[in-house]
Structure formats: structure tokens, C-alpha cells
file upload.cif (mmCIF, N, CA and C atoms)
data_data
#
loop_
_atom_site.label_atom_id
_atom_site.label_comp_id
_atom_site.auth_asym_id
_atom_site.auth_seq_id
_atom_site.Cartn_x
_atom_site.Cartn_y
_atom_site.Cartn_z
N GLN A 6 141.59 140.97 57.96
CA GLN A 6 140.50 140.16 58.45
C GLN A 6 140.44 138.84 57.68
N VAL A 7 140.07 137.81 58.42
CA VAL A 7 139.89 136.48 57.83
C VAL A 7 138.48 136.02 58.13
N GLN A 8 137.80 135.51 57.14
CA GLN A 8 136.47 134.95 57.32
C GLN A 8 136.54 133.44 57.13
N LEU A 9 135.85 132.74 58.01
CA LEU A 9 135.85 131.28 57.99
C LEU A 9 134.40 130.79 57.98
N VAL A 10 134.11 129.86 57.08
CA VAL A 10 132.76 129.29 56.99
C VAL A 10 132.88 127.78 57.03
N GLU A 11 132.26 127.18 58.06
CA GLU A 11 132.30 125.73 58.22
C GLU A 11 131.08 125.08 57.58
N SER A 12 131.25 123.81 57.26
CA SER A 12 130.14 122.99 56.79
C SER A 12 130.46 121.53 57.08
N GLY A 13 129.43 120.69 57.02
CA GLY A 13 129.66 119.26 57.12
C GLY A 13 129.25 118.62 58.43
N GLY A 14 128.78 119.38 59.39
CA GLY A 14 128.33 118.77 60.64
C GLY A 14 127.03 118.02 60.44
N GLY A 15 126.60 117.34 61.50
CA GLY A 15 125.33 116.63 61.42
C GLY A 15 125.21 115.59 62.50
N LEU A 16 124.23 114.72 62.31
CA LEU A 16 123.94 113.64 63.25
C LEU A 16 124.44 112.33 62.66
N VAL A 17 125.17 111.58 63.46
CA VAL A 17 125.71 110.31 63.00
C VAL A 17 125.68 109.31 64.15
N GLN A 18 125.60 108.05 63.84
CA GLN A 18 125.61 107.02 64.86
C GLN A 18 127.03 106.71 65.31
N THR A 19 127.14 106.13 66.48
CA THR A 19 128.43 105.70 67.00
C THR A 19 129.13 104.81 65.97
N GLY A 20 130.41 105.11 65.74
CA GLY A 20 131.17 104.36 64.75
C GLY A 20 131.14 104.94 63.36
N GLY A 21 130.30 105.94 63.16
CA GLY A 21 130.18 106.55 61.85
C GLY A 21 131.27 107.57 61.58
N SER A 22 131.15 108.21 60.41
CA SER A 22 132.15 109.17 59.96
C SER A 22 131.50 110.47 59.51
N LEU A 23 132.26 111.54 59.63
CA LEU A 23 131.85 112.84 59.11
C LEU A 23 133.09 113.56 58.60
N ARG A 24 132.88 114.42 57.62
CA ARG A 24 133.96 115.28 57.15
C ARG A 24 133.51 116.73 57.28
N LEU A 25 134.27 117.48 58.05
CA LEU A 25 134.02 118.90 58.20
C LEU A 25 134.91 119.69 57.25
N SER A 26 134.34 120.74 56.69
CA SER A 26 135.10 121.60 55.79
C SER A 26 135.04 123.04 56.28
N CYS A 27 136.10 123.77 55.99
CA CYS A 27 136.17 125.17 56.38
C CYS A 27 136.80 125.95 55.22
N ALA A 28 136.04 126.90 54.72
CA ALA A 28 136.52 127.75 53.63
C ALA A 28 136.97 129.09 54.20
N ALA A 29 138.18 129.45 53.88
CA ALA A 29 138.74 130.71 54.36
C ALA A 29 138.76 131.75 53.25
N SER A 30 138.54 132.99 53.64
CA SER A 30 138.61 134.10 52.68
C SER A 30 139.12 135.34 53.40
N GLY A 31 139.43 136.35 52.62
CA GLY A 31 139.96 137.58 53.22
C GLY A 31 141.48 137.60 53.17
N SER A 32 142.10 137.96 54.26
CA SER A 32 143.56 138.10 54.33
C SER A 32 144.24 136.75 54.53
N ILE A 33 144.09 135.89 53.54
CA ILE A 33 144.61 134.52 53.63
C ILE A 33 146.11 134.50 53.84
N PHE A 34 146.80 135.46 53.27
CA PHE A 34 148.26 135.50 53.34
C PHE A 34 148.76 135.61 54.77
N SER A 35 147.92 136.10 55.67
CA SER A 35 148.34 136.32 57.06
C SER A 35 148.23 135.07 57.93
N ILE A 36 147.65 134.00 57.39
CA ILE A 36 147.41 132.80 58.19
C ILE A 36 148.67 131.96 58.31
N ASN A 37 149.02 131.61 59.54
CA ASN A 37 150.15 130.72 59.80
C ASN A 37 149.72 129.27 59.93
N ALA A 38 148.60 129.06 60.58
CA ALA A 38 148.10 127.71 60.81
C ALA A 38 146.59 127.75 60.87
N MET A 39 145.98 126.63 60.58
CA MET A 39 144.54 126.49 60.70
C MET A 39 144.23 125.24 61.50
N GLY A 40 143.03 125.20 62.03
CA GLY A 40 142.71 124.04 62.83
C GLY A 40 141.24 123.95 63.17
N TRP A 41 140.95 122.96 63.97
CA TRP A 41 139.60 122.71 64.45
C TRP A 41 139.63 122.60 65.97
N TYR A 42 138.66 123.24 66.58
CA TYR A 42 138.43 123.15 68.00
C TYR A 42 136.98 122.72 68.20
N ARG A 43 136.67 122.26 69.40
CA ARG A 43 135.29 121.88 69.68
C ARG A 43 134.91 122.28 71.11
N GLN A 44 133.61 122.46 71.30
CA GLN A 44 133.10 122.82 72.61
C GLN A 44 131.82 122.06 72.86
N ALA A 45 131.87 121.21 73.87
CA ALA A 45 130.69 120.46 74.29
C ALA A 45 129.93 121.26 75.34
N PRO A 46 128.65 120.99 75.52
CA PRO A 46 127.87 121.73 76.52
C PRO A 46 128.49 121.66 77.90
N GLY A 47 128.67 122.81 78.53
CA GLY A 47 129.21 122.86 79.87
C GLY A 47 130.71 122.68 79.97
N LYS A 48 131.37 122.60 78.82
CA LYS A 48 132.83 122.39 78.82
C LYS A 48 133.53 123.52 78.10
N GLN A 49 134.83 123.64 78.33
CA GLN A 49 135.62 124.64 77.65
C GLN A 49 135.93 124.19 76.22
N ARG A 50 136.18 125.18 75.39
CA ARG A 50 136.59 124.87 74.02
C ARG A 50 137.96 124.20 74.07
N GLU A 51 138.11 123.15 73.25
CA GLU A 51 139.36 122.40 73.26
C GLU A 51 139.85 122.15 71.85
N LEU A 52 141.16 122.00 71.73
CA LEU A 52 141.77 121.74 70.44
C LEU A 52 141.42 120.33 69.98
N VAL A 53 141.16 120.21 68.68
CA VAL A 53 140.98 118.90 68.06
C VAL A 53 142.19 118.59 67.19
N ALA A 54 142.50 119.50 66.28
CA ALA A 54 143.63 119.28 65.37
C ALA A 54 144.03 120.60 64.74
N THR A 55 145.32 120.72 64.43
CA THR A 55 145.82 121.89 63.73
C THR A 55 146.76 121.46 62.62
N ILE A 56 146.92 122.34 61.64
CA ILE A 56 147.86 122.08 60.55
C ILE A 56 148.53 123.40 60.18
N SER A 57 149.85 123.38 60.11
CA SER A 57 150.59 124.60 59.81
C SER A 57 150.68 124.82 58.30
N ASN A 58 151.21 125.96 57.94
CA ASN A 58 151.42 126.24 56.51
C ASN A 58 152.32 125.20 55.87
N GLY A 59 153.24 124.67 56.66
CA GLY A 59 154.16 123.68 56.14
C GLY A 59 153.63 122.26 56.19
N GLY A 60 152.41 122.11 56.68
CA GLY A 60 151.80 120.79 56.71
C GLY A 60 151.99 120.01 58.00
N ARG A 61 152.60 120.63 59.00
CA ARG A 61 152.77 119.93 60.28
C ARG A 61 151.43 119.82 60.98
N ARG A 62 151.10 118.61 61.40
CA ARG A 62 149.82 118.33 62.03
C ARG A 62 149.97 118.06 63.52
N ASN A 63 148.95 118.48 64.24
CA ASN A 63 148.92 118.25 65.69
C ASN A 63 147.51 117.82 66.04
N TYR A 64 147.40 116.74 66.83
CA TYR A 64 146.09 116.20 67.19
C TYR A 64 145.95 116.09 68.70
N ALA A 65 144.74 116.29 69.17
CA ALA A 65 144.44 115.98 70.57
C ALA A 65 144.54 114.48 70.76
N ASP A 66 144.97 114.07 71.93
CA ASP A 66 145.09 112.64 72.20
C ASP A 66 143.76 111.92 72.01
N SER A 67 142.68 112.59 72.31
CA SER A 67 141.36 111.96 72.26
C SER A 67 140.92 111.62 70.84
N VAL A 68 141.56 112.20 69.83
CA VAL A 68 141.13 111.94 68.45
C VAL A 68 142.23 111.31 67.60
N LYS A 69 143.43 111.13 68.17
CA LYS A 69 144.52 110.53 67.40
C LYS A 69 144.12 109.16 66.88
N GLY A 70 144.40 108.92 65.62
CA GLY A 70 144.07 107.65 65.00
C GLY A 70 142.66 107.60 64.45
N ARG A 71 141.84 108.58 64.79
CA ARG A 71 140.45 108.60 64.31
C ARG A 71 140.18 109.80 63.40
N CYS A 72 140.99 110.82 63.51
CA CYS A 72 140.76 112.04 62.74
C CYS A 72 141.98 112.40 61.91
N THR A 73 141.71 113.00 60.77
CA THR A 73 142.78 113.47 59.90
C THR A 73 142.45 114.88 59.43
N ILE A 74 143.40 115.79 59.64
CA ILE A 74 143.21 117.16 59.17
C ILE A 74 144.01 117.34 57.88
N SER A 75 143.40 118.04 56.95
CA SER A 75 144.07 118.29 55.68
C SER A 75 143.81 119.73 55.25
N ARG A 76 144.67 120.19 54.35
CA ARG A 76 144.57 121.59 53.95
C ARG A 76 144.91 121.71 52.47
N ASP A 77 144.08 122.42 51.75
CA ASP A 77 144.31 122.69 50.34
C ASP A 77 144.50 124.19 50.20
N ASN A 78 145.74 124.61 50.12
CA ASN A 78 146.03 126.05 50.07
C ASN A 78 145.57 126.67 48.75
N ALA A 79 145.45 125.86 47.73
CA ALA A 79 145.05 126.40 46.42
C ALA A 79 143.64 126.95 46.45
N VAL A 80 142.80 126.34 47.30
CA VAL A 80 141.40 126.79 47.38
C VAL A 80 141.06 127.26 48.78
N ASN A 81 142.09 127.44 49.61
CA ASN A 81 141.89 127.99 50.97
C ASN A 81 140.87 127.16 51.75
N LEU A 82 141.07 125.85 51.77
CA LEU A 82 140.14 124.93 52.41
C LEU A 82 140.88 124.06 53.40
N VAL A 83 140.31 123.88 54.58
CA VAL A 83 140.83 122.92 55.54
C VAL A 83 139.70 121.97 55.90
N GLN A 84 140.04 120.69 55.99
CA GLN A 84 139.03 119.68 56.27
C GLN A 84 139.45 118.82 57.44
N LEU A 85 138.45 118.27 58.10
CA LEU A 85 138.68 117.34 59.20
C LEU A 85 137.86 116.10 58.93
N GLN A 86 138.53 115.01 58.64
CA GLN A 86 137.87 113.72 58.46
C GLN A 86 137.83 113.02 59.81
N MET A 87 136.63 112.71 60.25
CA MET A 87 136.46 112.07 61.55
C MET A 87 135.84 110.70 61.36
N ASN A 88 136.52 109.67 61.86
CA ASN A 88 136.05 108.29 61.75
C ASN A 88 135.85 107.70 63.14
N SER A 89 135.17 106.59 63.19
CA SER A 89 134.93 105.88 64.46
C SER A 89 134.42 106.84 65.53
N LEU A 90 133.43 107.61 65.17
CA LEU A 90 132.94 108.64 66.08
C LEU A 90 132.28 108.03 67.32
N LYS A 91 132.44 108.75 68.43
CA LYS A 91 131.91 108.32 69.72
C LYS A 91 130.95 109.38 70.25
N PRO A 92 130.05 109.01 71.14
CA PRO A 92 129.15 110.02 71.72
C PRO A 92 129.90 111.19 72.36
N GLU A 93 131.07 110.93 72.90
CA GLU A 93 131.85 112.00 73.53
C GLU A 93 132.45 112.98 72.53
N ASP A 94 132.32 112.69 71.25
CA ASP A 94 132.75 113.64 70.21
C ASP A 94 131.66 114.68 69.93
N THR A 95 130.51 114.50 70.52
CA THR A 95 129.42 115.45 70.32
C THR A 95 129.82 116.83 70.83
N ALA A 96 129.72 117.83 69.95
CA ALA A 96 130.13 119.19 70.30
C ALA A 96 129.85 120.10 69.12
N VAL A 97 130.02 121.39 69.36
CA VAL A 97 130.08 122.33 68.26
C VAL A 97 131.55 122.45 67.85
N TYR A 98 131.79 122.27 66.57
CA TYR A 98 133.15 122.30 66.05
C TYR A 98 133.40 123.63 65.36
N TYR A 99 134.52 124.25 65.72
CA TYR A 99 134.87 125.57 65.21
C TYR A 99 136.15 125.51 64.39
N CYS A 100 136.10 126.12 63.24
CA CYS A 100 137.31 126.30 62.44
C CYS A 100 138.09 127.48 63.00
N ASN A 101 139.39 127.39 62.93
CA ASN A 101 140.26 128.41 63.52
C ASN A 101 141.38 128.76 62.54
N ALA A 102 141.69 130.04 62.48
CA ALA A 102 142.84 130.51 61.71
C ALA A 102 143.73 131.33 62.64
N ASP A 103 145.00 130.98 62.65
CA ASP A 103 145.97 131.64 63.53
C ASP A 103 146.92 132.47 62.67
N THR A 104 146.90 133.78 62.88
CA THR A 104 147.78 134.65 62.09
C THR A 104 149.07 134.98 62.84
N GLY A 105 149.18 134.47 64.06
CA GLY A 105 150.33 134.80 64.89
C GLY A 105 150.07 135.95 65.83
N SER A 106 149.16 136.83 65.42
CA SER A 106 148.81 137.96 66.28
C SER A 106 147.40 137.85 66.82
N ARG A 107 146.57 137.03 66.17
CA ARG A 107 145.23 136.81 66.67
C ARG A 107 144.64 135.55 66.04
N TYR A 108 143.57 135.06 66.71
CA TYR A 108 142.81 133.94 66.20
C TYR A 108 141.54 134.45 65.53
N TYR A 109 141.15 133.79 64.47
CA TYR A 109 139.83 134.00 63.87
C TYR A 109 139.04 132.71 64.01
N TRP A 110 137.73 132.86 64.13
CA TRP A 110 136.85 131.71 64.34
C TRP A 110 135.70 131.72 63.35
N GLY A 111 135.29 130.51 62.97
CA GLY A 111 134.07 130.38 62.21
C GLY A 111 132.87 130.39 63.15
N GLN A 112 131.69 130.21 62.57
CA GLN A 112 130.46 130.28 63.35
C GLN A 112 130.18 128.97 64.07
N GLY A 113 130.84 127.92 63.69
CA GLY A 113 130.66 126.63 64.34
C GLY A 113 129.68 125.75 63.60
N THR A 114 129.89 124.44 63.69
CA THR A 114 128.98 123.46 63.10
C THR A 114 128.76 122.34 64.12
N GLN A 115 127.52 121.95 64.29
CA GLN A 115 127.17 120.97 65.31
C GLN A 115 127.45 119.55 64.81
N VAL A 116 128.12 118.78 65.65
CA VAL A 116 128.31 117.35 65.42
C VAL A 116 127.67 116.62 66.59
N THR A 117 126.75 115.74 66.26
CA THR A 117 126.07 114.95 67.28
C THR A 117 126.23 113.47 66.95
N VAL A 118 126.75 112.72 67.92
CA VAL A 118 126.97 111.30 67.75
C VAL A 118 126.02 110.56 68.68
N SER A 119 125.11 109.79 68.11
CA SER A 119 124.14 109.07 68.91
C SER A 119 124.67 107.70 69.28
N SER A 120 124.27 107.25 70.47
CA SER A 120 124.74 105.94 70.96
C SER A 120 123.79 104.84 70.56
#
call {"tool": "encode", "arguments": {"input": "upload.cif", "output": "C-alpha cells"}}
result
Amino acid sequence: QVQLVESGGGLVQTGGSLRLSCAASGSIFSINAMGWYRQAPGKQRELVATISNGGRRNYADSVKGRCTISRDNAVNLVQLQMNSLKPEDTAVYYCNADTGSRYYWGQGTQVTVSS
């Protein structure tokens, strides 16, 4: 089992920045990749960014150039730095851990971008 706890969401104005953090615990050794997904009201959950154990990063087109995902394996932490935020970035953001056989999810953290 893997437990994920997110923090860092909040309310920010258009053009502002936020940093989301996700602390992982439990069967850390089983994790292949970690990432962030988001779900806006009335929409499906979508990928924001992922990072593999080897540091390979993948970003959704909608956030490329504005977001950076990083991972500190020493403290089992993954972060998402989001800059130049837009109202369309408003969503609940979920931390994700992929073990290859299943996904684990955090409880989610709300990000609201006001216009």
C-alpha cells in the first residue's frame, strides 16, 4: 500500500503561482512513477504531469512551459510548481503513484484561479 498526502493548494489570481507538494509513504519501493492529475467540475480527471523513477518528465500540452514537476526520492516527495496560472487551471489536483500494477491517489487539493 502507498499513502499520498497533498498540500499547497489555494486561491490565487490569474498570473500567479502555486507549488503543490505530495508526500508518499508506505510501500515506496513499489512506485515506478509519480504525477499530478486534476479534475475540474463536470469534467473528467486529466493528466497534468508525471515523473518516472529515472526522472523522465511528461506534461500535458495545456501546462507545458508553465509547470514543472520535481521529485526528491530521499524524502519521498513530489512537487508541482505552477506559474502563470489561468482560470482554466481551476480544479482539484490529485497526486498519483503508479506501481505498474495499480494507481494510488491522494485525497486531492483544491486550486482556484480567480480572473
call {"tool": "resolve_selection", "arguments": {"input": "upload.cif", "expression": "the PyMOL selection byres ((chain A and resi 71) around 7)", "output": "count of residues only"}}
result
10
call {"tool": "resolve_selection", "arguments": {"input": "upload.cif", "expression": "the PyMOL selection byres (((chain A and resi 35 and name CA) around 9) and name CA)", "output": "list in words"}}
result
Gln6, Val7, Ser32, Ile33, Phe34, Ile36, Asn37, Asp103, Thr104 and Gly105 of chain A
call {"tool": "residues_around", "arguments": {"input": "upload.cif", "residues": "Ala28 of chain A", "least_positions_apart": "5", "cutoff": "7 Å", "atoms": "only C-alpha atoms", "output": "compact mmCIF listing (two decimals) with N, CA and C atoms, in the frame of the given file"}}
result
# COMPACT_ATOMS: atom_id res chain seq x y z
N LEU A 9 135.85 132.74 58.01
CA LEU A 9 135.85 131.28 57.99
C LEU A 9 134.40 130.79 57.98
N VAL A 10 134.11 129.86 57.08
CA VAL A 10 132.76 129.29 56.99
C VAL A 10 132.88 127.78 57.03
N GLU A 11 132.26 127.18 58.06
CA GLU A 11 132.30 125.73 58.22
C GLU A 11 131.08 125.08 57.58
N ASN A 81 142.09 127.44 49.61
CA ASN A 81 141.89 127.99 50.97
C ASN A 81 140.87 127.16 51.75
N LEU A 82 141.07 125.85 51.77
CA LEU A 82 140.14 124.93 52.41
C LEU A 82 140.88 124.06 53.40
N VAL A 83 140.31 123.88 54.58
CA VAL A 83 140.83 122.92 55.54
C VAL A 83 139.70 121.97 55.90
call {"tool": "atom_distance", "arguments": {"input": "upload.cif", "atom1": "atom C of Gln8 of chain A", "atom2": "atom CA of Ile74 of chain A"}}
result
17.7 Å
call {"tool": "residues_around", "arguments": {"input": "upload.cif", "residues": "Gly113 of chain A", "least_positions_apart": "6", "cutoff": "6 Å", "atoms": "all atoms listed in the file", "output": "PyMOL selection string"}}
result
chain A and resi 11+97-100
call {"tool": "atom_distance", "arguments": {"input": "upload.cif", "atom1": "atom N of Arg43 of chain A", "atom2": "atom CA of Asn58 of chain A"}}
result
20.0 Å
call {"tool": "closest_residue", "arguments": {"input": "upload.cif", "among": "A:Thr19, A:Gln84, A:Thr95, A:Ser75", "to": "Pro46 of chain A", "atoms": "only C-alpha atoms"}}
result
A:Thr95
call {"tool": "select_by_dssp", "arguments": {"input": "upload.cif", "residues": "chain A", "states": "helix (DSSP H, G or I)", "output": "PyMOL selection string"}}
result
chain A and resi 33-35+92-94
call {"tool": "residues_near_point", "arguments": {"input": "upload.cif", "point": "(133.3, 118.3, 59.9)", "cutoff": "9 Å", "atoms": "only C-alpha atoms", "output": "PyMOL selection string"}}
result
chain A and resi 11-15+23-27+41+84-87+98+114-116
call {"tool": "closest_residue", "arguments": {"input": "upload.cif", "among": "A:Arg107, A:Arg50, A:Ser57, A:Lys91", "to": "Ser119 of chain A", "atoms": "only C-alpha atoms"}}
result
A:Lys91
call {"tool": "residues_around", "arguments": {"input": "upload.cif", "residues": "Tyr64 of chain A", "least_positions_apart": "6", "cutoff": "8 Å", "atoms": "only N, CA and C atoms", "output": "PyMOL selection string"}}
result
chain A and resi 52-56+70+72
call {"tool": "atom_distance", "arguments": {"input": "upload.cif", "atom1": "atom CA of Val80 of chain A", "atom2": "atom C of Ser30 of chain A"}}
result
10.7 Å
call {"tool": "select_by_dssp", "arguments": {"input": "upload.cif", "residues": "segment 50-83 of chain A", "states": "strand (DSSP E or B)", "output": "number ranges by chain"}}
result
A: 51-57, 62-64, 72-77, 82-83
call {"tool": "residues_around", "arguments": {"input": "upload.cif", "residues": "Val118 of chain A", "least_positions_apart": "6", "cutoff": "9 Å", "atoms": "only C-alpha atoms", "output": "list in words"}}
result
Gly15, Leu16, Val17, Gln18, Thr19, Gly20, Gly21, Leu90, Lys91, Pro92, Glu93, Asp94, Thr95 and Ala96 of chain A
call {"tool": "resolve_selection", "arguments": {"input": "upload.cif", "expression": "the PyMOL selection byres ((chain A and resi 110) around 6)", "output": "PyMOL selection string"}}
result
chain A and resi 9+100-102+108-109+111-112
call {"tool": "decode", "arguments": {"input": "upload.cif", "residues": "segment 6-42 of chain A", "atoms": "C-alpha atoms", "output": "PDB file, in the first residue's frame"}}
result
ATOM      1  CA  GLN A   6       0.000   0.000   0.000  1.00  0.00           C
ATOM      2  CA  VAL A   7       1.060   3.556  -0.748  1.00  0.00           C
ATOM      3  CA  GLN A   8      -0.285   6.595   1.056  1.00  0.00           C
ATOM      4  CA  LEU A   9      -0.186  10.022  -0.548  1.00  0.00           C
ATOM      5  CA  VAL A  10      -0.838  13.347   1.177  1.00  0.00           C
ATOM      6  CA  GLU A  11      -1.080  16.547  -0.853  1.00  0.00           C
ATOM      7  CA  SER A  12      -0.647  20.114   0.285  1.00  0.00           C
ATOM      8  CA  GLY A  13      -0.190  23.556  -1.203  1.00  0.00           C
ATOM      9  CA  GLY A  14      -3.464  24.288  -2.953  1.00  0.00           C
ATOM     10  CA  GLY A  15      -5.334  27.530  -2.535  1.00  0.00           C
ATOM     11  CA  LEU A  16      -6.749  30.628  -4.155  1.00  0.00           C
ATOM     12  CA  VAL A  17      -4.574  32.677  -6.472  1.00  0.00           C
ATOM     13  CA  GLN A  18      -5.126  35.410  -9.027  1.00  0.00           C
ATOM     14  CA  THR A  19      -4.584  34.973 -12.744  1.00  0.00           C
ATOM     15  CA  GLY A  20      -0.870  35.018 -13.475  1.00  0.00           C
ATOM     16  CA  GLY A  21       0.055  33.878 -10.004  1.00  0.00           C
ATOM     17  CA  SER A  22       1.975  30.826  -8.854  1.00  0.00           C
ATOM     18  CA  LEU A  23       1.432  27.868  -6.564  1.00  0.00           C
ATOM     19  CA  ARG A  24       3.537  24.917  -5.514  1.00  0.00           C
ATOM     20  CA  LEU A  25       1.831  21.643  -4.747  1.00  0.00           C
ATOM     21  CA  SER A  26       3.551  19.001  -2.661  1.00  0.00           C
ATOM     22  CA  CYS A  27       2.835  15.324  -2.220  1.00  0.00           C
ATOM     23  CA  ALA A  28       4.383  13.178   0.483  1.00  0.00           C
ATOM     24  CA  ALA A  29       4.437   9.457  -0.132  1.00  0.00           C
ATOM     25  CA  SER A  30       4.684   6.746   2.498  1.00  0.00           C
ATOM     26  CA  GLY A  31       4.199   3.011   2.762  1.00  0.00           C
ATOM     27  CA  SER A  32       5.483   0.700   0.032  1.00  0.00           C
ATOM     28  CA  ILE A  33       7.612   3.364  -1.637  1.00  0.00           C
ATOM     29  CA  PHE A  34       9.831   0.768  -3.272  1.00  0.00           C
ATOM     30  CA  SER A  35       6.931  -0.344  -5.470  1.00  0.00           C
ATOM     31  CA  ILE A  36       6.460   3.060  -7.132  1.00  0.00           C
ATOM     32  CA  ASN A  37       7.541   3.369 -10.763  1.00  0.00           C
ATOM     33  CA  ALA A  38       6.325   6.888 -11.446  1.00  0.00           C
ATOM     34  CA  MET A  39       4.515   9.692  -9.699  1.00  0.00           C
ATOM     35  CA  GLY A  40       2.463  12.502 -11.031  1.00  0.00           C
ATOM     36  CA  TRP A  41      -0.305  15.012 -10.767  1.00  0.00           C
ATOM     37  CA  TYR A  42      -3.770  14.856 -12.245  1.00  0.00           C
TER      38      TYR A  42
END
